[in-house]
Amino acid sequence: QVQLVESGGGLVQAGGSLTLSCTASIVMANLGSVGWYRQGPGQQRDLVAGVSHGGSADYGDFVKGRFVIFRNNAKNTTFLQLNNLRPDDTAVYYCTAHYLGHDYWGRGTQVTVSS
């Protein structure tokens with residue numbers, strides 16, 4: 001089993017930046033794909049960014065070059081850099097990881113963007 005803990009969320013003004021961190025209970029090299037999803041109030045959970053074990057990254061259409069996902073297989077943390085934030089980016093951001101055929105989720109970190 002894998003435990004994931006997110007951190008780095010908070011309140012930021014539109015146009016600002018945040019760096020989210022996801023710390024896993026095992027080193028990244030032992031995980032398959034890892035990624036971030038988000039869920040706004042009354043909305044479905046959407047893919048923000050994902051990165052394969054080999055480093056290939058994928059992003060949600062709404063990202064439009066504003067966010068970057070980092071993965072270091074030598075360590076147990078992955079990061080999501082959020083730039084040029086907009087009020088509609090307000091959501092709970094969840095980390096997820098694939099390990100031995102199962103998907104694991106963290107409890108999320110709140111990001112609130114004020115206008």
# chains A, B, ... in the order shown; residues from 1 in each chain; ligands from 1
call {"tool": "residues_around", "arguments": {"residues": "region 50-65 of chain A", "least_positions_apart": "4", "cutoff": "12 Å", "atoms": "only C-alpha atoms", "output": "PyMOL selection string"}}
result
chain A and resi 27-38+45-46+69-74+78-86+88-89+94-99
call {"tool": "select_by_dssp", "arguments": {"residues": "chain A", "states": "strand (DSSP E)", "output": "PyMOL selection string"}}
result
chain A and resi 4-7+10-13+18-24+34-39+45-51+57-59+67-71+77-82+91-99+102-105+109-114
call {"tool": "atom_distance", "arguments": {"atom1": "CA of Lys75 (chain A)", "atom2": "CA of Ile26 (chain A)"}}
result
8.5 Å
call {"tool": "closest_residue", "arguments": {"among": "A:Ala49, A:Asn76, A:Val113, A:Arg107", "to": "Ser17 (chain A)", "atoms": "only C-alpha atoms"}}
result
A:Val113
call {"tool": "closest_residue", "arguments": {"among": "A:Thr77, A:Leu100, A:Arg66, A:Gly42", "to": "Glu6 (chain A)", "atoms": "only C-alpha atoms"}}
result
A:Thr77
call {"tool": "closest_residue", "arguments": {"among": "A:Ser115, A:Gln39, A:Ser7, A:Thr19", "to": "Phe67 (chain A)", "atoms": "only C-alpha atoms"}}
result
A:Thr19
call {"tool": "residues_around", "arguments": {"residues": "Val111 (chain A)", "least_positions_apart": "6", "cutoff": "8 Å", "atoms": "only C-alpha atoms", "output": "list in words"}}
result
Gly9, Gly10, Leu11, Val12, Asp89, Thr90, Ala91, Val92 and Tyr93 of chain A
call {"tool": "closest_residue", "arguments": {"among": "A:Trp105, A:Gln44, A:Ser114, A:Ser25", "to": "Gln13 (chain A)", "atoms": "only C-alpha atoms"}}
result
A:Ser114
call {"tool": "closest_residue", "arguments": {"among": "A:Pro87, A:Leu47, A:Gln110, A:Tyr104", "to": "Ala24 (chain A)", "atoms": "only C-alpha atoms"}}
result
A:Tyr104
call {"tool": "closest_residue", "arguments": {"among": "A:Gln1, A:Gln43, A:Gly8, A:Cys22", "to": "Gly106 (chain A)", "atoms": "only C-alpha atoms"}}
result
A:Cys22
call {"tool": "atom_distance", "arguments": {"atom1": "CA of His102 (chain A)", "atom2": "CA of Val68 (chain A)"}}
result
24.6 Å
